[in-house]
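Quick look at upload_3.pdb (PDB, C-alpha atoms):
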ATOM      1  CA  MET L   1     -36.132 -79.967  39.022  1.00  0.00           C
ATOM      2  CA  ARG L   2     -32.461 -79.301  38.452  1.00  0.00           C
ATOM      3  CA  SER L   3     -30.651 -75.999  37.963  1.00  0.00           C
ATOM      4  CA  ILE L   4     -28.364 -75.685  34.924  1.00  0.00           C
ATOM      5  CA  THR L   5     -25.277 -73.464  35.215  1.00  0.00           C
ATOM      6  CA  THR L   6     -22.270 -72.889  32.957  1.00  0.00           C
ATOM      7  CA  PRO L   7     -19.388 -70.399  33.078  1.00  0.00           C
ATOM      8  CA  GLU L   8     -19.710 -70.140  29.275  1.00  0.00           C
ATOM      9  CA  ALA L   9     -22.771 -67.892  29.735  1.00  0.00           C
ATOM     10  CA  PRO L  10     -23.230 -64.871  32.006  1.00  0.00           C
ATOM     11  CA  ALA L  11     -23.881 -65.647  35.649  1.00  0.00           C
ATOM     12  CA  ALA L  12     -27.389 -64.878  36.835  1.00  0.00           C
ATOM     13  CA  ILE L  13     -27.675 -61.231  37.903  1.00  0.00           C
ATOM     14  CA  GLY L  14     -30.664 -61.827  40.162  1.00  0.00           C
ATOM     15  CA  THR L  15     -32.640 -64.497  41.961  1.00  0.00           C
ATOM     16  CA  TYR L  16     -32.939 -66.947  39.064  1.00  0.00           C
ATOM     17  CA  SER L  17     -31.047 -69.807  37.402  1.00  0.00           C
ATOM     18  CA  GLN L  18     -29.487 -69.711  33.950  1.00  0.00           C
ATOM     19  CA  ALA L  19     -31.855 -72.591  33.218  1.00  0.00           C
ATOM     20  CA  VAL L  20     -33.951 -75.175  35.009  1.00  0.00           C
ATOM     21  CA  ARG L  21     -34.613 -78.699  33.808  1.00  0.00           C
ATOM     22  CA  ALA L  22     -37.995 -80.149  34.743  1.00  0.00           C
ATOM     23  CA  GLY L  23     -38.330 -83.649  33.320  1.00  0.00           C
ATOM     24  CA  ASP L  24     -37.428 -83.513  29.630  1.00  0.00           C
ATOM     25  CA  THR L  25     -38.008 -79.763  29.375  1.00  0.00           C
ATOM     26  CA  VAL L  26     -35.355 -77.095  29.912  1.00  0.00           C
ATOM     27  CA  TYR L  27     -36.463 -73.523  30.562  1.00  0.00           C
ATOM     28  CA  VAL L  28     -33.617 -71.155  29.653  1.00  0.00           C
ATOM     29  CA  SER L  29     -33.743 -67.748  31.306  1.00  0.00           C
ATOM     30  CA  GLY L  30     -33.641 -64.643  29.175  1.00  0.00           C
ATOM     31  CA  GLN L  31     -30.178 -63.754  27.955  1.00  0.00           C
ATOM     32  CA  ILE L  32     -28.962 -60.270  27.163  1.00  0.00           C
ATOM     33  CA  PRO L  33     -25.722 -59.520  25.293  1.00  0.00           C
ATOM     34  CA  LEU L  34     -23.421 -59.823  28.293  1.00  0.00           C
ATOM     35  CA  ASP L  35     -19.898 -61.137  27.841  1.00  0.00           C
ATOM     36  CA  PRO L  36     -19.714 -64.035  30.329  1.00  0.00           C
ATOM     37  CA  LYS L  37     -16.135 -63.165  31.284  1.00  0.00           C
ATOM     38  CA  THR L  38     -16.578 -59.428  31.949  1.00  0.00           C
ATOM     39  CA  MET L  39     -20.341 -59.376  32.706  1.00  0.00           C
ATOM     40  CA  LYS L  40     -20.540 -56.210  30.599  1.00  0.00           C
ATOM     41  CA  LEU L  41     -22.591 -55.610  27.450  1.00  0.00           C
ATOM     42  CA  VAL L  42     -20.576 -56.459  24.361  1.00  0.00           C
ATOM     43  CA  GLU L  43     -19.495 -53.608  22.127  1.00  0.00           C
ATOM     44  CA  GLY L  44     -20.592 -53.376  18.524  1.00  0.00           C
ATOM     45  CA  ASP L  45     -23.695 -52.992  16.414  1.00  0.00           C
ATOM     46  CA  PHE L  46     -27.086 -54.550  17.094  1.00  0.00           C
ATOM     47  CA  GLN L  47     -26.249 -57.761  15.216  1.00  0.00           C
ATOM     48  CA  VAL L  48     -23.142 -58.266  17.391  1.00  0.00           C
ATOM     49  CA  HIS L  49     -25.441 -58.007  20.407  1.00  0.00           C
ATOM     50  CA  VAL L  50     -27.890 -60.553  18.973  1.00  0.00           C
ATOM     51  CA  ARG L  51     -25.070 -63.000  18.203  1.00  0.00           C
ATOM     52  CA  ARG L  52     -23.831 -62.714  21.806  1.00  0.00           C
ATOM     53  CA  VAL L  53     -27.346 -63.437  23.064  1.00  0.00           C
ATOM     54  CA  PHE L  54     -27.590 -66.592  20.933  1.00  0.00           C
ATOM     55  CA  ASP L  55     -24.047 -67.665  21.907  1.00  0.00           C
ATOM     56  CA  ASN L  56     -25.085 -67.360  25.572  1.00  0.00           C
ATOM     57  CA  LEU L  57     -28.275 -69.347  24.956  1.00  0.00           C
ATOM     58  CA  ARG L  58     -26.371 -72.057  23.067  1.00  0.00           C
ATOM     59  CA  ALA L  59     -23.838 -72.437  25.894  1.00  0.00           C
ATOM     60  CA  ILE L  60     -26.661 -73.026  28.368  1.00  0.00           C
ATOM     61  CA  CYS L  61     -28.455 -75.437  26.022  1.00  0.00           C
ATOM     62  CA  LYS L  62     -25.245 -77.451  25.586  1.00  0.00           C
ATOM     63  CA  GLU L  63     -24.650 -77.547  29.338  1.00  0.00           C
ATOM     64  CA  ALA L  64     -28.165 -78.970  29.694  1.00  0.00           C
ATOM     65  CA  GLY L  65     -27.399 -81.698  27.141  1.00  0.00           C
ATOM     66  CA  GLY L  66     -28.980 -80.227  24.021  1.00  0.00           C
ATOM     67  CA  ASP L  67     -28.483 -77.628  21.330  1.00  0.00           C
ATOM     68  CA  PHE L  68     -30.609 -75.368  19.169  1.00  0.00           C
ATOM     69  CA  ASP L  69     -32.030 -78.330  17.221  1.00  0.00           C
ATOM     70  CA  ARG L  70     -33.900 -79.220  20.439  1.00  0.00           C
ATOM     71  CA  VAL L  71     -35.274 -75.721  21.123  1.00  0.00           C
ATOM     72  CA  ALA L  72     -39.058 -75.698  20.766  1.00  0.00           C
ATOM     73  CA  ARG L  73     -39.756 -72.023  21.483  1.00  0.00           C
ATOM     74  CA  VAL L  74     -37.974 -68.699  21.867  1.00  0.00           C
ATOM     75  CA  THR L  75     -39.285 -65.334  22.972  1.00  0.00           C
ATOM     76  CA  VAL L  76     -37.479 -62.260  21.666  1.00  0.00           C
ATOM     77  CA  TYR L  77     -37.786 -59.022  23.631  1.00  0.00           C
ATOM     78  CA  LEU L  78     -36.840 -55.834  21.752  1.00  0.00           C
ATOM     79  CA  THR L  79     -36.719 -52.227  22.836  1.00  0.00           C
ATOM     80  CA  ASP L  80     -37.131 -51.309  19.136  1.00  0.00           C
ATOM     81  CA  LEU L  81     -39.296 -53.612  17.013  1.00  0.00           C
ATOM     82  CA  GLY L  82     -37.645 -52.015  13.984  1.00  0.00           C
ATOM     83  CA  ASN L  83     -34.728 -54.368  14.703  1.00  0.00           C
ATOM     84  CA  PHE L  84     -36.867 -57.471  14.160  1.00  0.00           C
ATOM     85  CA  ALA L  85     -35.494 -58.141  10.641  1.00  0.00           C
ATOM     86  CA  LYS L  86     -31.943 -58.046  12.023  1.00  0.00           C
ATOM     87  CA  VAL L  87     -32.885 -60.671  14.617  1.00  0.00           C
ATOM     88  CA  ASN L  88     -34.239 -62.864  11.797  1.00  0.00           C
ATOM     89  CA  GLU L  89     -30.956 -62.552   9.879  1.00  0.00           C
ATOM     90  CA  VAL L  90     -28.894 -63.618  12.881  1.00  0.00           C
ATOM     91  CA  MET L  91     -31.327 -66.375  13.911  1.00  0.00           C
ATOM     92  CA  ALA L  92     -31.009 -67.925  10.444  1.00  0.00           C
ATOM     93  CA  ALA L  93     -27.319 -68.540  11.160  1.00  0.00           C
ATOM     94  CA  TYR L  94     -28.083 -70.367  14.431  1.00  0.00           C
ATOM     95  CA  PHE L  95     -31.249 -72.380  13.709  1.00  0.00           C
ATOM     96  CA  ASN L  96     -32.243 -74.875  11.024  1.00  0.00           C
ATOM     97  CA  GLU L  97     -35.694 -76.052   9.994  1.00  0.00           C
ATOM     98  CA  PRO L  98     -37.926 -76.883  11.643  1.00  0.00           C
ATOM     99  CA  TYR L  99     -37.474 -73.514  13.329  1.00  0.00           C
ATOM    100  CA  PRO L 100     -38.694 -73.097  16.892  1.00  0.00           C
ATOM    101  CA  ALA L 101     -41.975 -71.386  17.632  1.00  0.00           C
ATOM    102  CA  ARG L 102     -41.343 -67.743  18.418  1.00  0.00           C
ATOM    103  CA  ALA L 103     -42.905 -64.639  19.854  1.00  0.00           C
ATOM    104  CA  ALA L 104     -41.490 -61.124  19.587  1.00  0.00           C
ATOM    105  CA  VAL L 105     -42.397 -58.602  22.246  1.00  0.00           C
ATOM    106  CA  GLY L 106     -41.733 -54.884  22.202  1.00  0.00           C
ATOM    107  CA  VAL L 107     -40.664 -53.597  25.620  1.00  0.00           C
ATOM    108  CA  ALA L 108     -39.833 -50.188  27.080  1.00  0.00           C
ATOM    109  CA  SER L 109     -36.501 -51.295  28.571  1.00  0.00           C
ATOM    110  CA  LEU L 110     -34.368 -54.326  29.402  1.00  0.00           C
ATOM    111  CA  PRO L 111     -31.799 -55.064  32.132  1.00  0.00           C
ATOM    112  CA  ARG L 112     -28.483 -53.225  31.894  1.00  0.00           C
ATOM    113  CA  GLY L 113     -29.822 -51.071  29.047  1.00  0.00           C
ATOM    114  CA  ALA L 114     -29.751 -53.968  26.571  1.00  0.00           C
ATOM    115  CA  ALA L 115     -31.687 -53.629  23.306  1.00  0.00           C
ATOM    116  CA  VAL L 116     -32.469 -57.364  23.005  1.00  0.00           C
ATOM    117  CA  GLU L 117     -33.187 -60.323  25.273  1.00  0.00           C
ATOM    118  CA  VAL L 118     -34.119 -63.882  24.289  1.00  0.00           C
ATOM    119  CA  ASP L 119     -35.334 -66.807  26.380  1.00  0.00           C
ATOM    120  CA  ALA L 120     -35.916 -70.374  25.237  1.00  0.00           C
ATOM    121  CA  VAL L 121     -37.676 -73.644  26.002  1.00  0.00           C
ATOM    122  CA  MET L 122     -35.839 -76.814  24.977  1.00  0.00           C
ATOM    123  CA  HIS L 123     -37.152 -80.389  24.876  1.00  0.00           C
ATOM    124  CA  LEU L 124     -34.703 -83.212  25.546  1.00  0.00           C
ATOM    125  CA  GLY L 125     -37.098 -86.148  25.348  1.00  0.00           C
ATOM    126  CA  PRO L 126     -37.274 -88.590  22.452  1.00  0.00           C
ATOM    127  CA  ARG L 127     -37.422 -86.966  19.060  1.00  0.00           C
ATOM    128  CA  ASP L 128     -40.838 -87.205  17.443  1.00  0.00           C
ATOM    129  CA  ALA L 129     -40.235 -88.270  13.838  1.00  0.00           C
ATOM    130  CA  SER L 130     -43.787 -87.238  12.956  1.00  0.00           C
ATOM    131  CA  LEU L 131     -42.763 -83.603  13.541  1.00  0.00           C
ATOM    132  CA  ALA L 132     -40.109 -83.624  10.816  1.00  0.00           C
ATOM    133  CA  PRO L 133     -40.947 -81.441   7.805  1.00  0.00           C
ATOM    134  CA  VAL L 134     -42.540 -83.325   4.924  1.00  0.00           C
ATOM    135  CA  ALA L 135     -40.544 -83.077   1.696  1.00  0.00           C
ATOM    136  CA  GLY L 136     -42.466 -81.221  -0.975  1.00  0.00           C
ATOM    137  CA  ALA L 137     -45.260 -80.111   1.363  1.00  0.00           C
ATOM    138  CA  ALA L 138     -46.230 -76.471   1.340  1.00  0.00           C
ATOM    139  CA  ALA L 139     -45.163 -74.583   4.434  1.00  0.00           C
ATOM    140  CA  GLY L 140     -47.859 -74.929   7.055  1.00  0.00           C
ATOM    141  CA  ALA L 141     -49.975 -77.273   4.912  1.00  0.00           C
ATOM    142  CA  PRO L 142     -50.972 -80.644   6.365  1.00  0.00           C
ATOM    143  CA  ALA L 143     -49.323 -83.687   4.887  1.00  0.00           C
ATOM    144  CA  ALA L 144     -51.340 -85.561   2.273  1.00  0.00           C
ATOM    145  CA  PRO L 145     -53.216 -88.553   3.676  1.00  0.00           C
ATOM    146  CA  ASP L 146     -51.771 -91.949   2.942  1.00  0.00           C
ATOM    147  CA  ALA L 147     -53.456 -93.170  -0.273  1.00  0.00           C
ATOM    148  CA  ALA L 148     -52.937 -96.838   0.682  1.00  0.00           C
ATOM    149  CA  LYS L 149     -55.400 -96.619   3.587  1.00  0.00           C
TER
END
Could you write out this structure as structure tokens?
Amino acid sequence: MRSITTPEAPAAIGTYSQAVRAGDTVYVSGQIPLDPKTMKLVEGDFQVHVRRVFDNLRAICKEAGGDFDRVARVTVYLTDLGNFAKVNEVMAAYFNEPYPARAAVGVASLPRGAAVEVDAVMHLGPRDASLAPVAGAAAGAPAAPDAAK
């Protein structure tokens, strides 16, 4: 395993790494909306906070040799699940299809009084062409079998 660290994201505020690479998988620790230079929560509305979280995650992903197109899963932690639609709006600006798998978890509180935290799992191995979306296929529907078989 190898620890991933970048000054472009907030330094760890506890006994953990910003990310750890194990083989072709990178586990990115949860990010809250801390400015990496001041280590303080950013000012602004909830969407500003979510953008800072995704900027922090992206910086770590890039340091590890990937980007959001290689993220397989994210977990979103919210102190108010009423903000879920706002997370979706911001996520749409950072991710393209196929979107990563995702879970959203309502929590009582987060470090430093943050309202949102997101962690990620990124895969850096060979791309699997069979996972690309099929043109014209309904979302979630299996691809049609090959008629030539």
*Which of these, L:Ala93, L:Leu78, L:Leu57, L:Met1, has the shortest distance to Leu110 in chain L once you count only C-alpha atoms?*
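Looking only at the distances to Leu110 in chain L, the closest residue turns out to be L:Leu78.
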Ala101 in chain L environment, 10 Å, all atoms listed in the file, sequence neighbours closer than 5 positions dropped, as a short mmCIF file (atom, residue, chain, number, x, y, z; two decimals) with C-alpha atoms, keeping the file's coordinate frame:
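After the write, selection-v4.cif holds the following:
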data_model
loop_
_atom_site.label_atom_id
_atom_site.label_comp_id
_atom_site.auth_asym_id
_atom_site.auth_seq_id
_atom_site.Cartn_x
_atom_site.Cartn_y
_atom_site.Cartn_z
CA VAL L 71 -35.27 -75.72 21.12
CA ALA L 72 -39.06 -75.70 20.77
CA ARG L 73 -39.76 -72.02 21.48
CA VAL L 74 -37.97 -68.70 21.87
CA THR L 75 -39.28 -65.33 22.97
CA ALA L 120 -35.92 -70.37 25.24
CA VAL L 121 -37.68 -73.64 26.00
#
*Non-local contacts of Arg2 in chain L (7 Å; all atoms listed in the file; under 6 positions in same chain excluded) as a list in words*: Val20, Arg21 and Ala22 of chain L
_Measuring between all atoms listed in the file, which one of L:Glu97, L:Asp80, L:Glu117, L:Asp67 shows the shortest distance to Pro33 in chain L?_
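Selected residue with least distance to Pro33 in chain L: L:Glu117.
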*Grab the CA of Gln18 in chain L to CA of Val87 in chain L distance for me, in Å with one decimal place.*
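Going from CA of Gln18 in chain L over to CA of Val87 in chain L, I get 21.6 Å.
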*Can you list what the PyMOL selection byres ((chain L and resi 95) around 10) grabs from this structure, as a ChimeraX atom specification?*
/L:54,67-71,90-94,96-100
*So what do you get for CA of Ala11 in chain L versus CA of Pro36 in chain L, distance-wise?*
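We find that CA of Ala11 in chain L and CA of Pro36 in chain L lie 6.9 Å from each other.
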*Counting all atoms listed in the file, the residue of L:Ala12, L:Ala19, L:Ile32, L:Ile4 that sits nearest Ala115 in chain L*: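 Closest residue, counting all atoms listed in the file: L:Ile32.
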*Selection result for the PyMOL selection byres ((chain L and resi 123) around 9) on this file, as a VMD selection string*: chain L and resid 24 to 27 66 70 to 72 121 to 122 124 to 127
*How far is it from CA of Asp45 in chain L to CA of Tyr16 in chain L, in Å with one decimal?*
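Straight-line distance from CA of Asp45 in chain L to CA of Tyr16 in chain L works out to 28.2 Å.
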*Counting all atoms listed in the file, figure out which residue out of L:Lys40, L:Glu89, L:Thr15, L:Pro7 gets nearest to Gly113 in chain L.*
L:Lys40
Around range 91-110 of chain L, with edges along x, y and z and 6 Å added on all six sides, what centre and edge lengths do you get, in Å to one decimal, as lines of an AutoDock Vina configuration file?
center_x = -35.1
center_y = -63.5
center_z = 19.7
size_x = 27.6
size_y = 38.7
size_z = 31.4
_I'd like the contact shell of Ile13 in chain L - 10 Å cut-off, only C-alpha atoms, skipping same-chain residues fewer than 4 positions apart - returned as an NGL selection string._
:L and (17-18 or 39 or 111)
*Check what the PyMOL selection byres ((chain L and resi 79) around 7) selects in the file above and give those residues as JSON, numbers by chain.*
{"L": [77, 78, 80, 81, 106, 107, 108, 109, 115, 116]}
*Top pick for closest residue to Thr38 in chain L, considering L:Ala9, L:Val53, L:Ala64, L:Gly23 and counting all atoms listed in the file*: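 Among L:Ala9, L:Val53, L:Ala64, L:Gly23, it is L:Ala9 that comes nearest to Thr38 in chain L.
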_I'd like to know which of L:Gly44, L:Gly14, L:Gly30, L:Gly82 is closest to Ile60 in chain L, using only C-alpha atoms._
L:Gly30
